[in-house]
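What follows is a short report on a single structure.
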Amino acid sequence: LNGKLDLTAVEGLADLIDAETEGQRRQALRQLEGSLGALVVRWVDDLTLAMAHLEALIDFSDEGDVDGAILNDIATRLRSVSAELMRELSLAARGEKIREGFKIAISGPVNAGKSSLLNALARRDVAIVSDIPGTTRDPIEVRIDIAGLPVLLVDTAGLRDTDDPIEALGIARARAAADSADLVLHLCELCDRPRVPGALNVGTKRDLYPSAMIDGFDAVISAETGDGVDELLDLLQTLLMERIGSEDGLITRERHRLALETASRSLMRCESRLVEATLELAAEDVRLALRSLGQITGTVGVEEILDRLFSSFCIGK
Ligand SMILES: Nc1nc2c(ncn2[C@@H]2O[C@H](COP(=O)(O)OP(=O)(O)OP(=O)(O)O)[C@@H](O)[C@H]2O)c(=O)[nH]1
Ligand SMILES: [Mg+2]
């Protein structure tokens, strides 16, 4: 209300309060300090200037104050904003993932040691472990921090054919959890050999099968002795880092991304209007792009455009 924080900074503050990991904290702080807001303000400035020039071309070109050479300048300015929008959009997945976190499902046959691994990764006794097959029914969720990235780890019911209606419901939930996960850890005992394509195949109970073949497994662990668990964590970290890339973008929410996508589409349309020299339509597209960007931080008023218009030309004097 007092103009001290724009919408993105307020979002940053909210994210900072909710931050659970170092990566989230850093990202939220960046946004609170205004990195996204400043970028949007610069885009808005550039587009407002382009808009003022366009309006001038449309309204006053017959007065001889402005000429067609400005058109080139406008097109260049629009293209550079457009390129920057695209760049931020290409980095959007990282910001959103850091903010929302990853979901990793632990899946596999009964008694594979899924709940034991969950407990080992969570470093506490979250899930019941027993040698009775079919112990876990409901999915069990634990939040962990992998190298500053928030991860929701989900232990699920063991997969098998069953006549028990409750267990069947649990298995359906297990499948749903795996379907909605960013990554599936498929666990099976090292004596088994089933491989699940698309999942990270983890061989379990290494201590029971010290001489078992391990080729084809992505990781081998013993939850009992703790063997291989750190290596599995390292592997998870590498995979997650690969997925989000190493370059920090500035947008962190779907809301930002949707606004940027709309603005980007408007600017692309605008470029072709400029080529066709339908300036009124081009100006309307810049206005739409400005409105979308304005939604990220606040709003763009008509006065701003008029100010720019009269500060950059001596029209009407
Ligand atoms: N020796 C040994 N036993 C293990 C290891 N991991 C798990 N177990 C044992 O294997 C049995 C099953 O472990 P759980 O973690 O409950 O297996 P689960 O995959 O969650 O089983 P369900 O919930 O029934 O699907 C338990 O008796 C565990 O103590 C291991 O690394 N070594
Ligand atoms: Mg279990």
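In the structure tokens, chains take the letters A, B, ... in the order shown, each chain's residues start at 1, and ligands count up from 1 in the order shown.
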
Open item on the list: Please find the residues contacting ligand 1 at a distance of at most 6 Å between atoms, with only C-alpha atoms and all ligand atoms counted, and report them as number ranges by chain.
Closed with: A: 110-116, 129-131, 133-136, 157-158, 204-205, 207-208, 222-224

Could those selected residues go to a file with N, CA, C and O atoms, as a PDB file, in the first residue's frame?
```
ATOM      1  N   VAL A 110       6.531 -56.109  -2.144  1.00  0.00           N
ATOM      2  CA  VAL A 110       6.458 -56.178  -0.684  1.00  0.00           C
ATOM      3  C   VAL A 110       7.782 -56.670  -0.115  1.00  0.00           C
ATOM      4  O   VAL A 110       8.482 -57.451  -0.752  1.00  0.00           O
ATOM      5  N   ASN A 111       8.092 -56.158   1.061  1.00  0.00           N
ATOM      6  CA  ASN A 111       9.283 -56.592   1.805  1.00  0.00           C
ATOM      7  C   ASN A 111      10.615 -56.227   1.157  1.00  0.00           C
ATOM      8  O   ASN A 111      11.663 -56.730   1.572  1.00  0.00           O
ATOM      9  N   ALA A 112      10.576 -55.366   0.132  1.00  0.00           N
ATOM     10  CA  ALA A 112      11.817 -55.007  -0.562  1.00  0.00           C
ATOM     11  C   ALA A 112      12.718 -54.153   0.325  1.00  0.00           C
ATOM     12  O   ALA A 112      13.907 -54.010   0.054  1.00  0.00           O
ATOM     13  N   GLY A 113      12.127 -53.557   1.354  1.00  0.00           N
ATOM     14  CA  GLY A 113      12.913 -52.687   2.237  1.00  0.00           C
ATOM     15  C   GLY A 113      12.626 -51.221   1.989  1.00  0.00           C
ATOM     16  O   GLY A 113      13.444 -50.349   2.290  1.00  0.00           O
ATOM     17  N   LYS A 114      11.431 -50.936   1.477  1.00  0.00           N
ATOM     18  CA  LYS A 114      11.059 -49.547   1.139  1.00  0.00           C
ATOM     19  C   LYS A 114      10.958 -48.682   2.388  1.00  0.00           C
ATOM     20  O   LYS A 114      11.525 -47.582   2.462  1.00  0.00           O
ATOM     21  N   SER A 115      10.219 -49.186   3.365  1.00  0.00           N
ATOM     22  CA  SER A 115      10.047 -48.395   4.593  1.00  0.00           C
ATOM     23  C   SER A 115      11.369 -48.249   5.329  1.00  0.00           C
ATOM     24  O   SER A 115      11.648 -47.200   5.933  1.00  0.00           O
ATOM     25  N   SER A 116      12.218 -49.275   5.256  1.00  0.00           N
ATOM     26  CA  SER A 116      13.534 -49.195   5.904  1.00  0.00           C
ATOM     27  C   SER A 116      14.361 -48.081   5.261  1.00  0.00           C
ATOM     28  O   SER A 116      15.055 -47.336   5.953  1.00  0.00           O
ATOM     29  N   VAL A 129       8.347 -50.896  10.094  1.00  0.00           N
ATOM     30  CA  VAL A 129       9.106 -51.902   9.345  1.00  0.00           C
ATOM     31  C   VAL A 129       8.826 -53.252   9.971  1.00  0.00           C
ATOM     32  O   VAL A 129       8.863 -53.394  11.194  1.00  0.00           O
ATOM     33  N   SER A 130       8.475 -54.253   9.154  1.00  0.00           N
ATOM     34  CA  SER A 130       8.327 -55.602   9.708  1.00  0.00           C
ATOM     35  C   SER A 130       8.596 -56.607   8.609  1.00  0.00           C
ATOM     36  O   SER A 130       8.596 -56.258   7.422  1.00  0.00           O
ATOM     37  N   ASP A 131       8.808 -57.861   9.000  1.00  0.00           N
ATOM     38  CA  ASP A 131       9.058 -58.879   7.974  1.00  0.00           C
ATOM     39  C   ASP A 131       7.755 -59.462   7.434  1.00  0.00           C
ATOM     40  O   ASP A 131       7.764 -60.396   6.645  1.00  0.00           O
ATOM     41  N   PRO A 133       4.967 -59.352   4.896  1.00  0.00           N
ATOM     42  CA  PRO A 133       4.764 -58.666   3.612  1.00  0.00           C
ATOM     43  C   PRO A 133       3.452 -57.875   3.620  1.00  0.00           C
ATOM     44  O   PRO A 133       2.445 -58.366   4.130  1.00  0.00           O
ATOM     45  N   GLY A 134       3.468 -56.697   3.086  1.00  0.00           N
ATOM     46  CA  GLY A 134       2.248 -55.880   3.047  1.00  0.00           C
ATOM     47  C   GLY A 134       2.079 -55.038   4.289  1.00  0.00           C
ATOM     48  O   GLY A 134       0.954 -54.715   4.674  1.00  0.00           O
ATOM     49  N   THR A 135       3.164 -54.667   4.931  1.00  0.00           N
ATOM     50  CA  THR A 135       3.084 -53.862   6.161  1.00  0.00           C
ATOM     51  C   THR A 135       2.554 -52.455   5.877  1.00  0.00           C
ATOM     52  O   THR A 135       1.634 -51.971   6.537  1.00  0.00           O
ATOM     53  N   THR A 136       3.152 -51.799   4.891  1.00  0.00           N
ATOM     54  CA  THR A 136       2.742 -50.420   4.590  1.00  0.00           C
ATOM     55  C   THR A 136       1.479 -50.424   3.731  1.00  0.00           C
ATOM     56  O   THR A 136       1.391 -51.165   2.756  1.00  0.00           O
ATOM     57  N   ALA A 157       2.828 -48.651  -0.436  1.00  0.00           N
ATOM     58  CA  ALA A 157       2.512 -50.067  -0.209  1.00  0.00           C
ATOM     59  C   ALA A 157       3.259 -50.929  -1.219  1.00  0.00           C
ATOM     60  O   ALA A 157       3.422 -50.538  -2.372  1.00  0.00           O
ATOM     61  N   GLY A 158       3.710 -52.105  -0.796  1.00  0.00           N
ATOM     62  CA  GLY A 158       4.394 -53.029  -1.693  1.00  0.00           C
ATOM     63  C   GLY A 158       3.449 -53.527  -2.782  1.00  0.00           C
ATOM     64  O   GLY A 158       2.261 -53.756  -2.540  1.00  0.00           O
ATOM     65  N   THR A 204      18.376 -53.882  -2.878  1.00  0.00           N
ATOM     66  CA  THR A 204      18.384 -53.719  -1.414  1.00  0.00           C
ATOM     67  C   THR A 204      18.965 -54.948  -0.717  1.00  0.00           C
ATOM     68  O   THR A 204      19.201 -55.985  -1.332  1.00  0.00           O
ATOM     69  N   LYS A 205      19.185 -54.772   0.583  1.00  0.00           N
ATOM     70  CA  LYS A 205      19.651 -55.839   1.480  1.00  0.00           C
ATOM     71  C   LYS A 205      21.000 -56.402   1.042  1.00  0.00           C
ATOM     72  O   LYS A 205      21.207 -57.620   1.019  1.00  0.00           O
ATOM     73  N   ASP A 207      23.671 -56.593   2.575  1.00  0.00           N
ATOM     74  CA  ASP A 207      24.318 -57.419   3.610  1.00  0.00           C
ATOM     75  C   ASP A 207      23.900 -58.881   3.511  1.00  0.00           C
ATOM     76  O   ASP A 207      24.663 -59.792   3.871  1.00  0.00           O
ATOM     77  N   LEU A 208      22.667 -59.155   3.012  1.00  0.00           N
ATOM     78  CA  LEU A 208      22.208 -60.543   2.891  1.00  0.00           C
ATOM     79  C   LEU A 208      22.753 -61.215   1.638  1.00  0.00           C
ATOM     80  O   LEU A 208      22.863 -62.432   1.576  1.00  0.00           O
ATOM     81  N   SER A 222      22.206 -51.218   1.712  1.00  0.00           N
ATOM     82  CA  SER A 222      21.703 -52.000   2.817  1.00  0.00           C
ATOM     83  C   SER A 222      21.180 -51.013   3.848  1.00  0.00           C
ATOM     84  O   SER A 222      21.959 -50.252   4.429  1.00  0.00           O
ATOM     85  N   ALA A 223      19.866 -51.009   4.032  1.00  0.00           N
ATOM     86  CA  ALA A 223      19.302 -50.101   5.030  1.00  0.00           C
ATOM     87  C   ALA A 223      19.718 -50.561   6.424  1.00  0.00           C
ATOM     88  O   ALA A 223      19.797 -49.771   7.361  1.00  0.00           O
ATOM     89  N   GLU A 224      19.994 -51.852   6.531  1.00  0.00           N
ATOM     90  CA  GLU A 224      20.379 -52.449   7.804  1.00  0.00           C
ATOM     91  C   GLU A 224      21.735 -51.904   8.288  1.00  0.00           C
ATOM     92  O   GLU A 224      21.864 -51.452   9.423  1.00  0.00           O
TER      93      GLU A 224
END
```

TODO: Might you pull out every residue within 9 Å of Leu290 (chain A), with only C-alpha atoms counted and same-chain residues fewer than 3 positions away left off, and present them as number ranges by chain?
DONE: A: 43-44, 47-48, 263, 285-287, 293-295, 299-300

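Atom pair CA of His256 (chain A) / CA of Ile296 (chain A) has a distance of 6.1 Å (rounded to one decimal).
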
Open item on the list: as a ChimeraX atom specification, please: the residues near Leu274 (chain A) (cut-off 8 Å, only C-alpha atoms, same-chain neighbours under 4 positions excluded).
Closed with: /A:71,75,270,278-279,282

Output all heavy atoms for every residue in the selection just made, as a PDB file, in the first residue's frame.
```pdb
ATOM      1  N   LEU A  71      10.888   3.384 -36.421  1.00  0.00           N
ATOM      2  CA  LEU A  71      10.273   2.057 -36.468  1.00  0.00           C
ATOM      3  C   LEU A  71      11.308   0.957 -36.205  1.00  0.00           C
ATOM      4  O   LEU A  71      11.062  -0.010 -35.485  1.00  0.00           O
ATOM      5  CB  LEU A  71       9.625   1.860 -37.839  1.00  0.00           C
ATOM      6  CG  LEU A  71       8.511   0.806 -37.913  1.00  0.00           C
ATOM      7  CD1 LEU A  71       7.381   1.160 -36.979  1.00  0.00           C
ATOM      8  CD2 LEU A  71       8.021   0.680 -39.342  1.00  0.00           C
ATOM      9  N   ALA A  75      11.414  -1.768 -33.213  1.00  0.00           N
ATOM     10  CA  ALA A  75      11.478  -3.217 -33.454  1.00  0.00           C
ATOM     11  C   ALA A  75      12.653  -3.826 -32.694  1.00  0.00           C
ATOM     12  O   ALA A  75      12.522  -4.899 -32.073  1.00  0.00           O
ATOM     13  CB  ALA A  75      11.606  -3.486 -34.949  1.00  0.00           C
ATOM     14  N   CYS A 270       3.236  -8.694 -32.049  1.00  0.00           N
ATOM     15  CA  CYS A 270       3.581  -7.310 -32.329  1.00  0.00           C
ATOM     16  C   CYS A 270       4.654  -7.214 -33.412  1.00  0.00           C
ATOM     17  O   CYS A 270       4.566  -6.389 -34.316  1.00  0.00           O
ATOM     18  CB  CYS A 270       4.059  -6.637 -31.050  1.00  0.00           C
ATOM     19  SG  CYS A 270       4.548  -4.954 -31.304  1.00  0.00           S
ATOM     20  N   THR A 278       1.087  -2.480 -39.640  1.00  0.00           N
ATOM     21  CA  THR A 278      -0.205  -2.121 -39.044  1.00  0.00           C
ATOM     22  C   THR A 278       0.084  -1.632 -37.622  1.00  0.00           C
ATOM     23  O   THR A 278       0.003  -2.379 -36.650  1.00  0.00           O
ATOM     24  CB  THR A 278      -1.158  -3.329 -39.012  1.00  0.00           C
ATOM     25  OG1 THR A 278      -0.435  -4.464 -38.531  1.00  0.00           O
ATOM     26  CG2 THR A 278      -1.710  -3.631 -40.377  1.00  0.00           C
ATOM     27  N   LEU A 279       0.450  -0.358 -37.540  1.00  0.00           N
ATOM     28  CA  LEU A 279       0.990   0.187 -36.292  1.00  0.00           C
ATOM     29  C   LEU A 279      -0.016   0.220 -35.149  1.00  0.00           C
ATOM     30  O   LEU A 279       0.346   0.025 -33.992  1.00  0.00           O
ATOM     31  CB  LEU A 279       1.539   1.593 -36.537  1.00  0.00           C
ATOM     32  CG  LEU A 279       2.678   1.680 -37.561  1.00  0.00           C
ATOM     33  CD1 LEU A 279       3.290   3.069 -37.554  1.00  0.00           C
ATOM     34  CD2 LEU A 279       3.724   0.613 -37.312  1.00  0.00           C
ATOM     35  N   ALA A 282      -0.053  -3.131 -33.718  1.00  0.00           N
ATOM     36  CA  ALA A 282       1.222  -3.370 -33.019  1.00  0.00           C
ATOM     37  C   ALA A 282       1.199  -2.705 -31.645  1.00  0.00           C
ATOM     38  O   ALA A 282       1.603  -3.296 -30.636  1.00  0.00           O
ATOM     39  CB  ALA A 282       2.381  -2.839 -33.854  1.00  0.00           C
TER      40      ALA A 282
END
```

TODO: With a distance cut-off of 12 Å and only C-alpha atoms, select the neighbouring residues of Ser90 (chain A), excluding the residue or stretch itself and same-chain residues fewer than 3 positions from it, and output the selection as number ranges by chain.
DONE: A: 83-87, 93-96, 244-245, 247-251, 257, 260-261

Task: alpha helix (DSSP H) residues, from DSSP on the backbone, in region 4-134 of chain A, as an MDAnalysis selection string - done: chainID A and resid 7:18 22:32 35:60 69:90 92:100 114:122

Open item on the list: From the options A:Ile144, A:Leu233, A:Ala174, A:Ala69, which residue's atoms come nearest to ligand 2, counting only C-alpha atoms and all ligand atoms?
Closed with: A:Ala174

TODO: Would you mind telling me which residue in A:Leu281, A:Met241, A:Leu91, A:Val202 lies nearest to Gly23 (chain A) when using only C-alpha atoms?
DONE: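 Among the listed residues, A:Met241 lies closest to Gly23 (chain A).
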
Open item on the list: If I take CA of Arg265 (chain A) and CA of Leu89 (chain A), how far is one from the other in Å, to one decimal?
Closed with: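 If I compute the distance from CA of Arg265 (chain A) to CA of Leu89 (chain A), I get 12.0 Å.
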
Task: Close residues, region 183-197 of chain A itself excluded, 7 Å, only C-alpha atoms, min 4 positions apart in chain, as a list of chain:residue names - done: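 In the requested form, the answer reads A:Lys103, A:Ile104, A:Ala105, A:Ile106, A:Ser107, A:Gly108, A:Pro109, A:Ala112, A:Lys114, A:Ala178, A:Asn201, A:Val202, A:Gly203, A:Thr204, A:Lys205, A:Arg206, A:Tyr209, A:Ala212.
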
Just the selected residues (all heavy atoms), exported as a short mmCIF file (atom, residue, chain, number, x, y, z; two decimals), in the first residue's frame, please.
```
data_model
loop_
_atom_site.label_atom_id
_atom_site.label_comp_id
_atom_site.auth_asym_id
_atom_site.auth_seq_id
_atom_site.Cartn_x
_atom_site.Cartn_y
_atom_site.Cartn_z
N LYS A 103 9.07 -34.48 -5.83
CA LYS A 103 8.42 -35.62 -5.19
C LYS A 103 9.12 -36.88 -5.65
O LYS A 103 9.24 -37.13 -6.86
CB LYS A 103 6.94 -35.64 -5.59
CG LYS A 103 6.15 -36.76 -4.98
CD LYS A 103 4.67 -36.48 -5.20
CE LYS A 103 3.84 -37.69 -4.83
NZ LYS A 103 2.41 -37.42 -5.08
N ILE A 104 9.61 -37.65 -4.69
CA ILE A 104 10.26 -38.92 -5.01
C ILE A 104 9.46 -40.04 -4.36
O ILE A 104 9.24 -40.03 -3.15
CB ILE A 104 11.72 -38.95 -4.49
CG1 ILE A 104 12.55 -37.84 -5.15
CG2 ILE A 104 12.34 -40.32 -4.76
CD1 ILE A 104 14.01 -37.84 -4.74
N ALA A 105 9.00 -40.99 -5.18
CA ALA A 105 8.23 -42.12 -4.65
C ALA A 105 9.13 -43.34 -4.51
O ALA A 105 9.98 -43.59 -5.36
CB ALA A 105 7.06 -42.43 -5.58
N ILE A 106 8.95 -44.05 -3.38
CA ILE A 106 9.67 -45.31 -3.18
C ILE A 106 8.69 -46.44 -3.47
O ILE A 106 7.66 -46.56 -2.80
CB ILE A 106 10.21 -45.44 -1.74
CG1 ILE A 106 11.08 -44.22 -1.39
CG2 ILE A 106 11.02 -46.73 -1.60
CD1 ILE A 106 11.59 -44.25 0.05
N SER A 107 9.01 -47.21 -4.49
CA SER A 107 8.06 -48.20 -4.97
C SER A 107 8.75 -49.56 -5.07
O SER A 107 9.97 -49.65 -4.93
CB SER A 107 7.58 -47.67 -6.34
OG SER A 107 6.90 -48.63 -7.02
N GLY A 108 7.98 -50.60 -5.27
CA GLY A 108 8.58 -51.93 -5.40
C GLY A 108 7.77 -53.00 -4.71
O GLY A 108 6.78 -52.70 -4.05
N PRO A 109 8.18 -54.27 -4.86
CA PRO A 109 7.42 -55.38 -4.27
C PRO A 109 7.41 -55.34 -2.74
O PRO A 109 8.23 -54.64 -2.13
CB PRO A 109 8.16 -56.63 -4.78
CG PRO A 109 9.47 -56.16 -5.27
CD PRO A 109 9.33 -54.72 -5.64
N ALA A 112 10.58 -55.37 0.13
CA ALA A 112 11.82 -55.01 -0.56
C ALA A 112 12.72 -54.15 0.33
O ALA A 112 13.91 -54.01 0.05
CB ALA A 112 11.50 -54.27 -1.85
N LYS A 114 11.43 -50.94 1.48
CA LYS A 114 11.06 -49.55 1.14
C LYS A 114 10.96 -48.68 2.39
O LYS A 114 11.52 -47.58 2.46
CB LYS A 114 9.72 -49.53 0.37
CG LYS A 114 9.73 -50.34 -0.91
CD LYS A 114 8.42 -50.30 -1.65
CE LYS A 114 7.27 -50.98 -0.89
NZ LYS A 114 7.54 -52.43 -0.66
N ALA A 178 3.47 -43.01 -7.50
CA ALA A 178 4.57 -43.17 -8.45
C ALA A 178 4.28 -42.37 -9.73
O ALA A 178 5.17 -41.73 -10.28
CB ALA A 178 4.78 -44.64 -8.78
N ASN A 201 16.59 -47.86 -10.38
CA ASN A 201 16.50 -49.22 -9.82
C ASN A 201 17.51 -49.41 -8.69
O ASN A 201 18.71 -49.30 -8.90
CB ASN A 201 16.72 -50.24 -10.92
CG ASN A 201 15.53 -50.32 -11.86
OD1 ASN A 201 14.51 -50.93 -11.52
ND2 ASN A 201 15.62 -49.67 -13.00
N VAL A 202 16.96 -49.67 -7.50
CA VAL A 202 17.81 -49.78 -6.32
C VAL A 202 17.76 -51.22 -5.79
O VAL A 202 16.68 -51.73 -5.49
CB VAL A 202 17.33 -48.81 -5.21
CG1 VAL A 202 18.21 -48.93 -3.98
CG2 VAL A 202 17.31 -47.38 -5.72
N GLY A 203 18.91 -51.86 -5.72
CA GLY A 203 19.00 -53.20 -5.15
C GLY A 203 19.16 -53.08 -3.64
O GLY A 203 19.96 -52.29 -3.16
N THR A 204 18.38 -53.88 -2.88
CA THR A 204 18.38 -53.72 -1.41
C THR A 204 18.96 -54.95 -0.72
O THR A 204 19.20 -55.99 -1.33
CB THR A 204 16.95 -53.48 -0.88
OG1 THR A 204 16.16 -54.62 -1.21
CG2 THR A 204 16.34 -52.24 -1.51
N LYS A 205 19.19 -54.77 0.58
CA LYS A 205 19.65 -55.84 1.48
C LYS A 205 21.00 -56.40 1.04
O LYS A 205 21.21 -57.62 1.02
CB LYS A 205 18.58 -56.95 1.61
CG LYS A 205 17.21 -56.39 1.97
CD LYS A 205 16.21 -57.46 2.36
CE LYS A 205 14.83 -56.85 2.59
NZ LYS A 205 13.81 -57.82 2.95
N ARG A 206 21.89 -55.51 0.71
CA ARG A 206 23.23 -55.88 0.28
C ARG A 206 23.91 -56.82 1.28
O ARG A 206 24.63 -57.75 0.88
CB ARG A 206 24.07 -54.59 0.15
CG ARG A 206 25.50 -54.78 -0.30
CD ARG A 206 25.49 -55.29 -1.71
NE ARG A 206 26.76 -55.25 -2.37
CZ ARG A 206 27.12 -56.11 -3.32
NH1 ARG A 206 26.30 -57.10 -3.64
NH2 ARG A 206 28.27 -55.99 -3.93
N TYR A 209 23.06 -60.39 0.62
CA TYR A 209 23.50 -60.96 -0.67
C TYR A 209 24.82 -60.32 -1.10
O TYR A 209 24.87 -59.62 -2.11
CB TYR A 209 22.45 -60.74 -1.75
CG TYR A 209 21.05 -61.06 -1.30
CD1 TYR A 209 20.15 -60.03 -1.00
CD2 TYR A 209 20.62 -62.38 -1.19
CE1 TYR A 209 18.86 -60.32 -0.59
CE2 TYR A 209 19.33 -62.67 -0.77
CZ TYR A 209 18.45 -61.63 -0.47
OH TYR A 209 17.19 -61.92 -0.07
N ALA A 212 25.89 -61.05 -4.72
CA ALA A 212 24.90 -60.99 -5.81
C ALA A 212 25.39 -60.06 -6.92
O ALA A 212 26.15 -59.14 -6.68
CB ALA A 212 23.56 -60.48 -5.27
#
```

- [ ] State, in Å with one decimal place, the distance from CA of Thr162 (chain A) to CA of Asp182 (chain A).
- [x] 27.3 Å

TODO: Find the residue from A:Ile58, A:Val151, A:Ile214, A:Ile132 that sits nearest to ligand 2; use only C-alpha atoms and all ligand atoms when measuring.
DONE: A:Ile132

Task: Residue list (strand (DSSP E or B), DSSP) for region 65-155 of chain A, as JSON, numbers by chain - done: {"A": [102, 103, 104, 105, 106, 107, 109, 140, 141, 142, 143, 144, 145, 146, 149, 150, 151, 152, 153, 154, 155]}

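Candidate residues A:Arg26, A:Arg253, A:Arg124, A:Arg137 were compared for distance to ligand 2, and the nearest is A:Arg137, using only C-alpha atoms and all ligand atoms.
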
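Shell of Ala9 (chain A) at 9 Å, with only C-alpha atoms counted and residues fewer than 4 places along the chain excluded, is Leu5, Leu13, Ala14, Ala28, Leu29, Arg30, Gln31, Leu32, Glu33, Gly34, Ser35, Leu36, Gly37 and Thr297 of chain A.
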
For the residues in the current selection, export all heavy atoms as a compact mmCIF listing (two decimals), in the first residue's frame.
```
# COMPACT_ATOMS: atom_id res chain seq x y z
N LEU A 5 6.98 -2.35 -1.11
CA LEU A 5 7.19 -3.70 -1.66
C LEU A 5 6.21 -3.89 -2.81
O LEU A 5 5.04 -3.59 -2.67
CB LEU A 5 6.90 -4.78 -0.61
CG LEU A 5 7.72 -4.79 0.67
CD1 LEU A 5 7.13 -5.82 1.65
CD2 LEU A 5 9.16 -5.15 0.38
N LEU A 13 8.73 -12.48 0.41
CA LEU A 13 8.66 -12.49 1.87
C LEU A 13 7.90 -13.72 2.36
O LEU A 13 8.32 -14.41 3.29
CB LEU A 13 7.98 -11.20 2.35
CG LEU A 13 7.81 -11.04 3.85
CD1 LEU A 13 9.14 -11.09 4.57
CD2 LEU A 13 7.09 -9.73 4.17
N ALA A 14 6.77 -14.00 1.70
CA ALA A 14 5.97 -15.17 2.08
C ALA A 14 6.79 -16.45 1.89
O ALA A 14 6.80 -17.33 2.75
CB ALA A 14 4.69 -15.23 1.24
N ALA A 28 14.08 -17.10 -2.19
CA ALA A 28 13.06 -16.20 -1.64
C ALA A 28 13.66 -14.83 -1.31
O ALA A 28 13.06 -13.79 -1.58
CB ALA A 28 12.43 -16.82 -0.40
N LEU A 29 14.86 -14.86 -0.75
CA LEU A 29 15.52 -13.61 -0.37
C LEU A 29 15.81 -12.76 -1.61
O LEU A 29 15.61 -11.55 -1.60
CB LEU A 29 16.83 -13.93 0.36
CG LEU A 29 17.42 -12.81 1.20
CD1 LEU A 29 16.44 -12.39 2.29
CD2 LEU A 29 18.73 -13.26 1.85
N ARG A 30 16.25 -13.44 -2.66
CA ARG A 30 16.52 -12.72 -3.91
C ARG A 30 15.26 -11.99 -4.38
O ARG A 30 15.29 -10.84 -4.78
CB ARG A 30 16.94 -13.73 -4.98
CG ARG A 30 18.27 -13.41 -5.58
CD ARG A 30 18.69 -14.25 -6.75
NE ARG A 30 17.90 -15.36 -7.16
CZ ARG A 30 18.22 -16.63 -6.95
NH1 ARG A 30 19.31 -16.94 -6.31
NH2 ARG A 30 17.45 -17.59 -7.39
N GLN A 31 14.14 -12.71 -4.30
CA GLN A 31 12.90 -12.11 -4.78
C GLN A 31 12.42 -10.99 -3.86
O GLN A 31 11.94 -9.96 -4.31
CB GLN A 31 11.82 -13.19 -4.94
CG GLN A 31 10.66 -12.72 -5.78
CD GLN A 31 9.71 -13.83 -6.13
OE1 GLN A 31 10.11 -14.93 -6.51
NE2 GLN A 31 8.43 -13.57 -5.98
N LEU A 32 12.60 -11.21 -2.55
CA LEU A 32 12.22 -10.17 -1.59
C LEU A 32 13.04 -8.91 -1.83
O LEU A 32 12.55 -7.79 -1.72
CB LEU A 32 12.42 -10.68 -0.15
CG LEU A 32 12.30 -9.65 0.97
CD1 LEU A 32 10.90 -9.03 0.97
CD2 LEU A 32 12.56 -10.30 2.33
N GLU A 33 14.31 -9.09 -2.15
CA GLU A 33 15.18 -7.93 -2.37
C GLU A 33 14.91 -7.25 -3.70
O GLU A 33 15.51 -6.22 -4.01
CB GLU A 33 16.65 -8.35 -2.28
CG GLU A 33 17.07 -8.60 -0.84
CD GLU A 33 18.42 -9.27 -0.72
OE1 GLU A 33 18.95 -9.75 -1.75
OE2 GLU A 33 18.96 -9.29 0.40
N GLY A 34 14.01 -7.84 -4.50
CA GLY A 34 13.52 -7.12 -5.67
C GLY A 34 14.15 -7.47 -7.00
O GLY A 34 14.00 -6.72 -7.97
N SER A 35 14.86 -8.63 -7.08
CA SER A 35 15.50 -8.93 -8.37
C SER A 35 14.47 -9.13 -9.48
O SER A 35 14.64 -8.61 -10.58
CB SER A 35 16.39 -10.16 -8.23
OG SER A 35 15.66 -11.22 -7.67
N LEU A 36 13.41 -9.86 -9.20
CA LEU A 36 12.40 -10.06 -10.24
C LEU A 36 11.67 -8.75 -10.51
O LEU A 36 11.45 -8.37 -11.66
CB LEU A 36 11.40 -11.15 -9.80
CG LEU A 36 10.22 -11.37 -10.73
CD1 LEU A 36 10.67 -11.75 -12.13
CD2 LEU A 36 9.28 -12.44 -10.19
N GLY A 37 11.30 -8.04 -9.43
CA GLY A 37 10.59 -6.77 -9.59
C GLY A 37 11.39 -5.80 -10.45
O GLY A 37 10.84 -5.17 -11.36
N THR A 297 3.98 -7.30 -11.13
CA THR A 297 4.42 -6.39 -10.06
C THR A 297 3.35 -5.47 -9.52
O THR A 297 3.38 -5.07 -8.37
CB THR A 297 5.53 -5.46 -10.58
OG1 THR A 297 5.13 -4.96 -11.84
CG2 THR A 297 6.85 -6.17 -10.66
```

Open item on the list: Calculated over only C-alpha atoms, which of the candidates A:Ala181, A:Ser82, A:Arg255, A:Thr76 has the smallest distance to Phe102 (chain A)?
Closed with: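 Checking each of A:Ala181, A:Ser82, A:Arg255, A:Thr76 against Phe102 (chain A), counting only C-alpha atoms, the winner is A:Ala181.
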
Task: Using only C-alpha atoms and all ligand atoms: which of A:Pro139, A:Pro150, A:Gly101, A:Gly228 has the shortest distance to ligand 2 - done: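 Among A:Pro139, A:Pro150, A:Gly101, A:Gly228, it is A:Pro139 that comes nearest to ligand 2.
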